[in-house]
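S.K.: Sharing model-v8.txt, compact mmCIF, C-alpha atoms:
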```txt
# COMPACT_ATOMS: atom_id res chain seq x y z
CA MET A 1 0.00 0.00 0.00
CA ARG A 2 1.35 3.33 -1.06
CA ASP A 3 0.57 5.04 2.22
CA LEU A 4 3.90 3.55 3.39
CA ARG A 5 5.68 6.05 1.12
CA ALA A 6 4.06 9.01 2.88
CA ARG A 7 4.60 7.47 6.33
CA TRP A 8 8.28 6.78 5.60
CA ALA A 9 8.84 10.34 4.33
CA LEU A 10 7.15 11.80 7.42
CA GLU A 11 9.33 9.61 9.67
CA GLU A 12 12.52 10.64 7.84
CA ALA A 13 11.50 14.30 8.14
CA GLY A 14 10.57 13.88 11.81
CA LEU A 15 7.14 15.42 11.26
CA PRO A 16 4.18 14.36 13.41
CA TYR A 17 1.10 13.07 11.61
CA ARG A 18 -2.25 11.42 12.14
CA THR A 19 -3.67 8.69 9.90
CA ARG A 20 -7.23 8.01 8.86
CA LEU A 21 -7.90 4.65 7.24
CA LEU A 22 -10.54 4.15 4.58
CA GLU A 23 -13.04 1.39 5.08
CA GLN A 24 -14.01 -1.16 2.45
CA GLY A 25 -15.83 0.66 -0.34
CA ASP A 26 -14.89 4.20 0.75
CA GLN A 27 -12.59 4.58 -2.25
CA ASP A 28 -15.54 4.55 -4.62
CA LYS A 29 -17.79 6.85 -2.61
CA PRO A 30 -18.52 10.28 -4.11
CA GLU A 31 -17.09 12.06 -1.01
CA TYR A 32 -13.71 10.38 -1.46
CA ARG A 33 -13.74 10.67 -5.25
CA ALA A 34 -14.30 14.42 -4.83
CA LEU A 35 -10.94 14.49 -3.02
CA GLN A 36 -9.18 11.76 -5.07
CA PRO A 37 -10.61 11.36 -8.59
CA PHE A 38 -9.02 7.92 -9.11
CA GLY A 39 -10.04 6.57 -5.69
CA GLN A 40 -6.40 5.86 -4.80
CA VAL A 41 -4.57 6.12 -1.48
CA PRO A 42 -2.85 7.95 0.09
CA ILE A 43 -3.94 11.56 0.19
CA LEU A 44 -2.35 14.17 2.45
CA GLU A 45 -4.48 16.79 4.19
CA GLU A 46 -2.67 19.73 5.73
CA ASP A 47 -4.19 23.09 6.70
CA GLY A 48 -6.77 22.96 3.94
CA LEU A 49 -4.37 21.66 1.29
CA VAL A 50 -5.37 18.26 -0.11
CA LEU A 51 -2.61 16.54 -2.00
CA LEU A 52 -2.83 13.42 -4.19
CA GLU A 53 -0.19 11.08 -5.58
CA SER A 54 2.37 9.45 -3.32
CA GLY A 55 5.17 10.99 -5.42
CA ALA A 56 3.85 14.53 -4.93
CA ILE A 57 3.24 13.88 -1.22
CA VAL A 58 6.80 12.65 -0.70
CA MET A 59 8.19 15.69 -2.54
CA HIS A 60 5.98 18.02 -0.53
CA ILE A 61 7.20 16.49 2.73
CA GLY A 62 10.73 16.56 1.32
CA GLU A 63 10.58 20.36 1.06
CA ARG A 64 10.82 20.40 4.86
CA SER A 65 13.65 17.95 5.22
CA GLU A 66 17.21 17.96 4.01
CA VAL A 67 17.33 14.22 4.67
CA LEU A 68 14.93 13.77 1.75
CA MET A 69 15.82 16.73 -0.49
CA PRO A 70 19.37 18.07 -0.40
CA LYS A 71 19.85 21.86 -0.26
CA ASP A 72 22.33 21.93 -3.18
CA ALA A 73 20.37 22.67 -6.38
CA GLY A 74 22.04 19.98 -8.49
CA ALA A 75 21.74 17.26 -5.84
CA ARG A 76 18.13 18.27 -5.30
CA ALA A 77 17.31 18.04 -9.01
CA ARG A 78 18.88 14.57 -9.08
CA ALA A 79 16.85 13.47 -6.03
CA VAL A 80 13.71 14.48 -7.95
CA GLN A 81 15.08 12.70 -11.02
CA TRP A 82 15.40 9.37 -9.20
CA LEU A 83 12.00 9.76 -7.60
CA ILE A 84 10.48 10.30 -11.05
CA ALA A 85 12.55 7.45 -12.53
CA ALA A 86 11.08 5.16 -9.86
CA LEU A 87 7.53 6.26 -10.71
CA ASN A 88 7.75 6.47 -14.49
CA SER A 89 10.63 4.27 -15.71
CA ILE A 90 10.50 1.41 -13.20
CA GLU A 91 7.12 1.15 -11.46
CA PRO A 92 4.93 0.81 -14.58
CA PHE A 93 6.89 -2.29 -15.66
CA VAL A 94 7.10 -3.67 -12.13
CA MET A 95 3.32 -3.21 -11.84
CA ASN A 96 2.70 -4.99 -15.14
CA VAL A 97 4.31 -8.12 -13.66
CA ALA A 98 2.67 -7.65 -10.24
CA ALA A 99 -0.77 -7.13 -11.82
CA ILE A 100 -0.38 -10.32 -13.85
CA ASP A 101 0.56 -12.27 -10.70
CA LEU A 102 -1.99 -10.73 -8.34
CA PHE A 103 -5.03 -9.96 -10.47
CA TYR A 104 -4.87 -11.78 -13.79
CA ALA A 105 -2.92 -15.00 -13.10
CA GLN A 106 -5.70 -17.23 -14.47
CA GLU A 107 -6.26 -15.27 -17.67
CA GLU A 108 -4.93 -16.62 -20.93
CA TRP A 109 -3.34 -13.32 -22.02
CA ALA A 110 -1.54 -13.07 -18.69
CA LYS A 111 -0.01 -16.52 -19.04
CA LEU A 112 1.18 -15.69 -22.55
CA ARG A 113 2.46 -12.24 -21.58
CA ARG A 114 4.23 -12.95 -18.28
CA PRO A 115 7.62 -14.08 -19.68
CA GLY A 116 7.90 -10.95 -21.86
CA ALA A 117 6.81 -8.66 -19.04
CA VAL A 118 9.39 -10.21 -16.70
CA GLU A 119 12.10 -9.92 -19.33
CA PHE A 120 11.29 -6.25 -19.85
CA VAL A 121 11.47 -5.38 -16.17
CA GLN A 122 14.67 -7.40 -15.80
CA ARG A 123 16.32 -5.32 -18.52
CA ARG A 124 15.29 -2.10 -16.78
CA LEU A 125 16.47 -3.35 -13.39
CA SER A 126 19.74 -4.57 -14.78
CA ALA A 127 20.37 -1.04 -16.15
CA LEU A 128 19.41 0.40 -12.77
CA SER A 129 21.77 -1.99 -11.00
CA LYS A 130 24.61 -1.05 -13.34
CA SER A 131 23.96 2.63 -12.69
CA LEU A 132 23.90 2.06 -8.93
CA ASP A 133 27.24 0.28 -9.29
CA ASP A 134 29.00 0.15 -5.93
CA LYS A 135 27.46 3.35 -4.57
CA PRO A 136 25.32 2.94 -1.46
CA TYR A 137 22.54 5.14 -2.88
CA LEU A 138 21.39 6.16 -6.36
CA ASP A 139 23.09 9.55 -6.26
CA GLY A 140 26.13 8.49 -4.25
CA ASP A 141 26.73 8.53 -0.51
CA ARG A 142 23.49 10.20 0.53
CA PHE A 143 20.04 8.72 0.89
CA THR A 144 17.35 10.96 -0.69
CA ALA A 145 13.63 10.93 -1.52
CA GLY A 146 14.68 9.22 -4.77
CA ASP A 147 15.94 6.19 -2.82
CA LEU A 148 12.82 6.16 -0.69
CA MET A 149 10.63 5.95 -3.77
CA MET A 150 12.83 3.45 -5.64
CA THR A 151 12.90 1.14 -2.62
CA THR A 152 9.12 1.07 -2.28
CA VAL A 153 8.83 0.32 -6.00
CA LEU A 154 11.36 -2.53 -5.85
CA ARG A 155 9.55 -4.06 -2.87
CA ILE A 156 6.48 -4.61 -5.09
CA LEU A 157 8.32 -7.60 -6.60
CA GLU A 158 9.08 -9.24 -3.24
CA HIS A 159 6.91 -12.22 -4.25
CA THR A 160 9.35 -12.98 -7.12
CA ASP A 161 13.13 -13.35 -7.35
CA VAL A 162 13.44 -10.56 -9.94
CA VAL A 163 14.95 -8.07 -7.50
CA SER A 164 16.36 -10.47 -4.92
CA SER A 165 18.42 -12.30 -7.56
CA ASP A 166 20.35 -9.09 -8.32
CA ARG A 167 22.97 -8.92 -5.58
CA ARG A 168 23.42 -5.14 -5.82
CA LEU A 169 19.73 -4.26 -5.88
CA ALA A 170 18.97 -6.71 -3.07
CA ALA A 171 21.68 -5.11 -0.89
CA TYR A 172 20.38 -1.65 -1.82
CA VAL A 173 16.80 -2.47 -0.74
CA GLU A 174 18.17 -4.02 2.46
CA ARG A 175 20.26 -0.87 3.11
CA CYS A 176 17.32 1.49 2.62
CA THR A 177 14.81 -0.59 4.58
CA SER A 178 17.24 -0.89 7.53
CA ARG A 179 16.77 2.80 8.19
CA PRO A 180 15.04 3.41 11.53
CA ALA A 181 12.51 5.71 9.83
CA PHE A 182 11.46 2.90 7.48
CA LYS A 183 11.03 0.49 10.37
CA ARG A 184 8.92 3.00 12.30
CA ALA A 185 6.76 3.64 9.21
CA LEU A 186 6.24 -0.07 8.56
CA ASP A 187 5.44 -0.80 12.20
CA ALA A 188 2.94 2.07 12.26
CA GLN A 189 1.33 0.84 9.04
CA ILE A 190 1.02 -2.73 10.32
CA GLY A 191 -0.29 -1.40 13.63
CA ASP A 192 -2.98 0.68 11.90
CA PHE A 193 -4.13 -2.24 9.79
CA LYS A 194 -4.26 -4.58 12.81
CA LYS A 195 -6.36 -2.05 14.69
CA ALA A 196 -8.71 -1.78 11.72
CA ALA A 197 -9.03 -5.57 11.31
CA MET B 198 8.93 11.52 -28.45
CA ARG B 199 9.36 12.81 -24.96
CA ASP B 200 11.84 15.51 -25.92
CA LEU B 201 8.72 17.53 -26.79
CA ARG B 202 8.01 17.84 -23.07
CA ALA B 203 11.37 19.49 -22.41
CA ARG B 204 11.10 21.71 -25.50
CA TRP B 205 7.59 22.84 -24.53
CA ALA B 206 8.69 23.66 -20.97
CA LEU B 207 11.68 25.63 -22.26
CA GLU B 208 9.42 27.57 -24.63
CA GLU B 209 6.91 28.34 -21.85
CA ALA B 210 9.77 29.52 -19.64
CA GLY B 211 11.30 31.57 -22.44
CA LEU B 212 14.71 29.95 -21.94
CA PRO B 213 17.08 29.52 -24.88
CA TYR B 214 18.34 26.00 -25.58
CA ARG B 215 20.27 23.94 -28.08
CA THR B 216 19.33 20.42 -29.12
CA ARG B 217 21.50 17.45 -29.99
CA LEU B 218 19.78 14.51 -31.66
CA LEU B 219 20.86 10.94 -31.13
CA GLU B 220 21.50 8.83 -34.18
CA GLN B 221 20.18 5.33 -34.73
CA GLY B 222 21.81 3.03 -32.19
CA ASP B 223 23.27 5.79 -30.00
CA GLN B 224 20.82 4.97 -27.20
CA ASP B 225 22.47 1.62 -26.60
CA LYS B 226 26.08 2.85 -26.78
CA PRO B 227 28.05 2.75 -23.53
CA GLU B 228 28.73 6.53 -23.72
CA TYR B 229 25.02 7.31 -23.73
CA ARG B 230 24.16 4.61 -21.21
CA ALA B 231 26.71 6.16 -18.86
CA LEU B 232 24.59 9.33 -18.97
CA GLN B 233 21.16 7.65 -19.22
CA PRO B 234 21.09 4.12 -17.77
CA PHE B 235 17.83 3.18 -19.54
CA GLY B 236 18.87 4.60 -22.92
CA GLN B 237 15.84 6.93 -22.98
CA VAL B 238 15.46 10.46 -24.29
CA PRO B 239 15.51 13.29 -23.42
CA ILE B 240 18.34 14.26 -21.12
CA LEU B 241 19.12 17.84 -20.13
CA GLU B 242 22.71 19.05 -19.87
CA GLU B 243 23.29 22.38 -18.12
CA ASP B 244 26.55 23.66 -16.65
CA GLY B 245 27.76 20.18 -15.80
CA LEU B 246 24.41 18.97 -14.45
CA VAL B 247 23.00 16.01 -16.39
CA LEU B 248 19.35 15.38 -15.73
CA LEU B 249 17.24 12.38 -16.76
CA GLU B 250 13.49 11.80 -16.88
CA SER B 251 11.22 14.19 -18.76
CA GLY B 252 9.22 14.76 -15.56
CA ALA B 253 12.30 15.86 -13.60
CA ILE B 254 13.49 18.01 -16.51
CA VAL B 255 10.13 19.79 -16.75
CA MET B 256 10.15 20.42 -12.99
CA HIS B 257 13.72 21.69 -13.12
CA ILE B 258 12.84 24.12 -15.91
CA GLY B 259 9.67 24.98 -13.99
CA GLU B 260 11.76 26.27 -11.07
CA ARG B 261 12.66 29.23 -13.30
CA SER B 262 9.19 30.01 -14.55
CA GLU B 263 6.01 31.01 -12.77
CA VAL B 264 4.10 30.04 -15.91
CA LEU B 265 4.95 26.41 -15.13
CA MET B 266 5.20 26.44 -11.33
CA PRO B 267 3.12 28.98 -9.39
CA LYS B 268 4.81 30.87 -6.53
CA ASP B 269 2.05 30.09 -4.00
CA ALA B 270 3.10 26.97 -2.05
CA GLY B 271 -0.26 25.21 -2.28
CA ALA B 272 -0.74 25.89 -5.99
CA ARG B 273 2.83 24.76 -6.59
CA ALA B 274 2.31 21.49 -4.72
CA ARG B 275 -0.82 20.85 -6.79
CA ALA B 276 1.07 21.57 -10.05
CA VAL B 277 3.58 18.89 -9.01
CA GLN B 278 0.68 16.62 -8.06
CA TRP B 279 -0.85 16.79 -11.55
CA LEU B 280 2.52 16.31 -13.19
CA ILE B 281 3.04 13.15 -11.11
CA ALA B 282 -0.56 12.01 -11.72
CA ALA B 283 0.14 12.26 -15.46
CA LEU B 284 3.31 10.18 -15.13
CA ASN B 285 2.19 7.60 -12.60
CA SER B 286 -1.62 7.33 -12.66
CA ILE B 287 -2.34 7.94 -16.34
CA GLU B 288 0.70 7.32 -18.56
CA PRO B 289 1.38 3.70 -17.52
CA PHE B 290 -2.15 2.68 -18.60
CA VAL B 291 -2.06 4.85 -21.71
CA MET B 292 1.26 3.23 -22.63
CA ASN B 293 -0.11 -0.27 -22.09
CA VAL B 294 -2.65 0.40 -24.85
CA ALA B 295 -0.15 2.23 -27.06
CA ALA B 296 2.44 -0.56 -26.69
CA ILE B 297 -0.16 -3.16 -27.69
CA ASP B 298 -1.06 -1.12 -30.79
CA LEU B 299 2.45 -0.11 -31.82
CA PHE B 300 4.70 -3.02 -30.80
CA TYR B 301 2.65 -6.12 -30.06
CA ALA B 302 -0.44 -5.87 -32.32
CA GLN B 303 0.19 -9.29 -33.89
CA GLU B 304 0.80 -11.15 -30.65
CA GLU B 305 -1.92 -13.37 -29.28
CA TRP B 306 -1.70 -11.99 -25.73
CA ALA B 307 -2.07 -8.44 -27.07
CA LYS B 308 -5.25 -9.30 -28.99
CA LEU B 309 -6.71 -10.92 -25.88
CA ARG B 310 -5.61 -8.11 -23.58
CA ARG B 311 -6.48 -5.02 -25.62
CA PRO B 312 -10.17 -4.69 -24.65
CA GLY B 313 -9.34 -4.88 -20.92
CA ALA B 314 -6.45 -2.44 -21.26
CA VAL B 315 -8.68 0.04 -23.12
CA GLU B 316 -11.44 -0.34 -20.53
CA PHE B 317 -8.95 0.33 -17.71
CA VAL B 318 -7.59 3.51 -19.29
CA GLN B 319 -11.13 4.67 -20.11
CA ARG B 320 -12.10 4.39 -16.44
CA ARG B 321 -9.06 6.44 -15.40
CA LEU B 322 -9.71 9.06 -18.07
CA SER B 323 -13.36 9.31 -17.22
CA ALA B 324 -12.35 10.06 -13.60
CA LEU B 325 -9.86 12.64 -14.86
CA SER B 326 -12.52 14.23 -17.06
CA LYS B 327 -14.93 14.42 -14.14
CA SER B 328 -12.25 16.03 -12.00
CA LEU B 329 -11.45 18.55 -14.74
CA ASP B 330 -15.18 19.36 -14.89
CA ASP B 331 -15.72 22.74 -16.56
CA LYS B 332 -12.39 24.21 -15.46
CA PRO B 333 -10.03 25.19 -18.27
CA TYR B 334 -7.03 23.54 -16.54
CA LEU B 335 -6.56 20.78 -13.97
CA ASP B 336 -6.06 23.15 -11.06
CA GLY B 337 -8.49 25.82 -12.22
CA ASP B 338 -7.90 28.93 -14.32
CA ARG B 339 -4.14 28.65 -14.63
CA PHE B 340 -2.06 26.45 -16.90
CA THR B 341 0.84 24.77 -15.04
CA ALA B 342 3.54 22.15 -15.59
CA GLY B 343 0.88 19.61 -14.58
CA ASP B 344 -1.20 20.48 -17.65
CA LEU B 345 1.88 20.38 -19.86
CA MET B 346 2.63 16.83 -18.75
CA MET B 347 -0.98 15.62 -18.82
CA THR B 348 -1.43 16.94 -22.36
CA THR B 349 1.64 15.15 -23.69
CA VAL B 350 0.43 11.93 -22.04
CA LEU B 351 -3.08 12.22 -23.51
CA ARG B 352 -1.62 12.84 -26.99
CA ILE B 353 -0.09 9.33 -26.90
CA LEU B 354 -3.59 7.98 -27.66
CA GLU B 355 -4.12 10.20 -30.72
CA HIS B 356 -4.26 7.08 -32.91
CA THR B 357 -7.43 5.96 -31.04
CA ASP B 358 -10.71 7.66 -30.10
CA VAL B 359 -10.19 7.04 -26.38
CA VAL B 360 -9.36 10.68 -25.60
CA SER B 361 -11.05 12.36 -28.56
CA SER B 362 -14.41 10.77 -27.72
CA ASP B 363 -14.43 12.54 -24.33
CA ARG B 364 -15.68 16.04 -25.15
CA ARG B 365 -14.08 17.66 -22.09
CA LEU B 366 -10.68 16.00 -22.45
CA ALA B 367 -10.60 16.66 -26.18
CA ALA B 368 -11.28 20.37 -25.58
CA TYR B 369 -8.65 20.39 -22.81
CA VAL B 370 -5.95 18.95 -25.08
CA GLU B 371 -6.97 21.42 -27.80
CA ARG B 372 -6.77 24.31 -25.29
CA CYS B 373 -3.29 23.32 -24.08
CA THR B 374 -1.86 22.57 -27.52
CA SER B 375 -3.13 25.94 -28.87
CA ARG B 376 -0.59 27.68 -26.68
CA PRO B 377 2.06 29.46 -28.77
CA ALA B 378 4.83 27.79 -26.73
CA PHE B 379 3.50 24.35 -27.66
CA LYS B 380 3.36 25.27 -31.31
CA ARG B 381 6.93 26.60 -31.25
CA ALA B 382 8.12 23.43 -29.50
CA LEU B 383 6.36 21.14 -31.96
CA ASP B 384 7.64 23.11 -34.98
CA ALA B 385 11.18 22.98 -33.59
CA GLN B 386 10.90 19.25 -32.99
CA ILE B 387 9.60 18.55 -36.49
CA GLY B 388 12.29 20.86 -37.93
CA ASP B 389 15.04 18.98 -36.07
CA PHE B 390 13.80 15.59 -37.25
CA LYS B 391 13.50 16.80 -40.85
CA LYS B 392 17.06 18.08 -40.72
CA ALA B 393 18.25 14.74 -39.38
CA ALA B 394 16.37 12.74 -42.02
```
Take the structure in this file and express it as structure tokens.

M.R.:
Amino acid sequence: MRDLRARWALEEAGLPYRTRLLEQGDQDKPEYRALQPFGQVPILEEDGLVLLESGAIVMHIGERSEVLMPKDAGARARAVQWLIAALNSIEPFVMNVAAIDLFYAQEEWAKLRRPGAVEFVQRRLSALSKSLDDKPYLDGDRFTAGDLMMTTVLRILEHTDVVSSDRRLAAYVERCTSRPAFKRALDAQIGDFKKAA
Amino acid sequence: MRDLRARWALEEAGLPYRTRLLEQGDQDKPEYRALQPFGQVPILEEDGLVLLESGAIVMHIGERSEVLMPKDAGARARAVQWLIAALNSIEPFVMNVAAIDLFYAQEEWAKLRRPGAVEFVQRRLSALSKSLDDKPYLDGDRFTAGDLMMTTVLRILEHTDVVSSDRRLAAYVERCTSRPAFKRALDAQIGDFKKAA
């Protein structure tokens, strides 16, 4: 669930927040659609501002935190670049595989398409891995909002060995998810869902 | 081609620029892959900064132009939100249909999948159209970088009637592409490709 992205960013930035969980069916109700046209989560509400899209929410939170968005203009532009790369050059192809596995596994087209979809995402991830090289983070020594986003995108394929079989990417995900802020965000998410269940 | 996004942003911002076209095969050469790991276009080079991802390039250019990114913090966050919505909530599903039509039309899985892929994108676009309502632009009366990106994403389906059959979205694309900066960008792009051919 993409609310983890917002939670993680808030934890990295050290900003307090409250959560409100949707109940089954809320996403399609007119009240929620008036706030979020596509019925997706999360949204961020803050002093009358309502913000959609996990990527925009993470960038908005990042404005308040040098941990997420470096002060230096070039480093900042590259943090945005990796965040966008995660959302537009990696996630769509990751999601094509995940959607086949989670929603369409029994459909004929999905069975025929899966090998090609996996091959495509493997090519993208192999290029990403090469670009990461032996740096700890995508832009070098510093974790940024770009790494936050890329990590959450790579975790979508946890049910396969596509990411875990790449030694560099597996170590990268491990490095990013070992951050205390990630652990707090994940614990809070799990806690919220347990309370709701 | 996504270089149009960068050209359009530069024209809106009134910033001078020079273009360098890749030749056939350049995208897979190690020199280019060292700059752009996925071999995509465009990249922006500026005083030693190399920036990837059309979304990040448009935002970077937007930092210099109130036409693209409003000064008011809320309006600015919403401009980013629509830019990200275009890249992450609309384009992946638009591209799934476009890829079927342009690259996989003869494959069995593509024939089986096309109706479902079209239906999915139609649902997203119908939600977008409802959210646009009778406003001229996504956030109201003002064109922003979010409209620039959404327009270029919607144009990907020009070969179908998926966008053109929605009266509101068709008028929206027409409104955005009537801007002089768009026309200059498109003319420059066509001119560059003619020169190269």

S.K.: Hey, can you check how far CA of Val97 (chain A) sits from CA of Leu125 (chain A)?

M.R.: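 Going from CA of Val97 (chain A) over to CA of Leu125 (chain A), I get 13.1 Å.
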
S.K.: Just want the 12 Å neighbourhood of Arg204 (chain B), counted on only C-alpha atoms, with same-chain residues fewer than 2 positions away dropped. Output as a PyMOL selection string.

M.R.: chain B and resi 198-202+206-216+239-241+251+254-255+258+345-346+349+378-387+389

S.K.: Mind dumping the selected residues with C-alpha atoms as a short mmCIF file (atom, residue, chain, number, x, y, z; two decimals), in the frame of the given file?

M.R.:
```cif
data_model
loop_
_atom_site.label_atom_id
_atom_site.label_comp_id
_atom_site.auth_asym_id
_atom_site.auth_seq_id
_atom_site.Cartn_x
_atom_site.Cartn_y
_atom_site.Cartn_z
CA MET B 198 8.93 11.52 -28.45
CA ARG B 199 9.36 12.81 -24.96
CA ASP B 200 11.84 15.51 -25.92
CA LEU B 201 8.72 17.53 -26.79
CA ARG B 202 8.01 17.84 -23.07
CA ALA B 206 8.69 23.66 -20.97
CA LEU B 207 11.68 25.63 -22.26
CA GLU B 208 9.42 27.57 -24.63
CA GLU B 209 6.91 28.34 -21.85
CA ALA B 210 9.77 29.52 -19.64
CA GLY B 211 11.30 31.57 -22.44
CA LEU B 212 14.71 29.95 -21.94
CA PRO B 213 17.08 29.52 -24.88
CA TYR B 214 18.34 26.00 -25.58
CA ARG B 215 20.27 23.94 -28.08
CA THR B 216 19.33 20.42 -29.12
CA PRO B 239 15.51 13.29 -23.42
CA ILE B 240 18.34 14.26 -21.12
CA LEU B 241 19.12 17.84 -20.13
CA SER B 251 11.22 14.19 -18.76
CA ILE B 254 13.49 18.01 -16.51
CA VAL B 255 10.13 19.79 -16.75
CA ILE B 258 12.84 24.12 -15.91
CA LEU B 345 1.88 20.38 -19.86
CA MET B 346 2.63 16.83 -18.75
CA THR B 349 1.64 15.15 -23.69
CA ALA B 378 4.83 27.79 -26.73
CA PHE B 379 3.50 24.35 -27.66
CA LYS B 380 3.36 25.27 -31.31
CA ARG B 381 6.93 26.60 -31.25
CA ALA B 382 8.12 23.43 -29.50
CA LEU B 383 6.36 21.14 -31.96
CA ASP B 384 7.64 23.11 -34.98
CA ALA B 385 11.18 22.98 -33.59
CA GLN B 386 10.90 19.25 -32.99
CA ILE B 387 9.60 18.55 -36.49
CA ASP B 389 15.04 18.98 -36.07
#
```

S.K.: Which residue, B:Tyr334, B:Phe390, B:Trp306, B:Trp205, has the smallest gap to Arg275 (chain B) when you use only C-alpha atoms?

M.R.: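 Going through B:Tyr334, B:Phe390, B:Trp306, B:Trp205 one by one, the smallest distance to Arg275 (chain B) is for B:Tyr334.
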
S.K.: Of the candidates A:Ala127, A:Met95, A:Ala75, A:Val163, which one gets nearest to chain B if we count all atoms listed in the file?

M.R.: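 Looking only at the distances to chain B, the closest residue turns out to be A:Ala127.
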
S.K.: Restrict the distance test to all atoms listed in the file, flag each residue of chain B within 9 Å of chain A, and return the flagged residues as a PyMOL selection string.

M.R.: chain B and resi 230-231+233-236+246-254+256-257+271+274-275+277-282+284-286+288-290+293+305-310+320-321+324-325+327-328

S.K.: Please report the interatomic distance between CA of Arg364 (chain B) and CA of Pro333 (chain B) in Å with one decimal.

M.R.: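 So the two atoms, CA of Arg364 (chain B) and CA of Pro333 (chain B), lie 12.8 Å apart.
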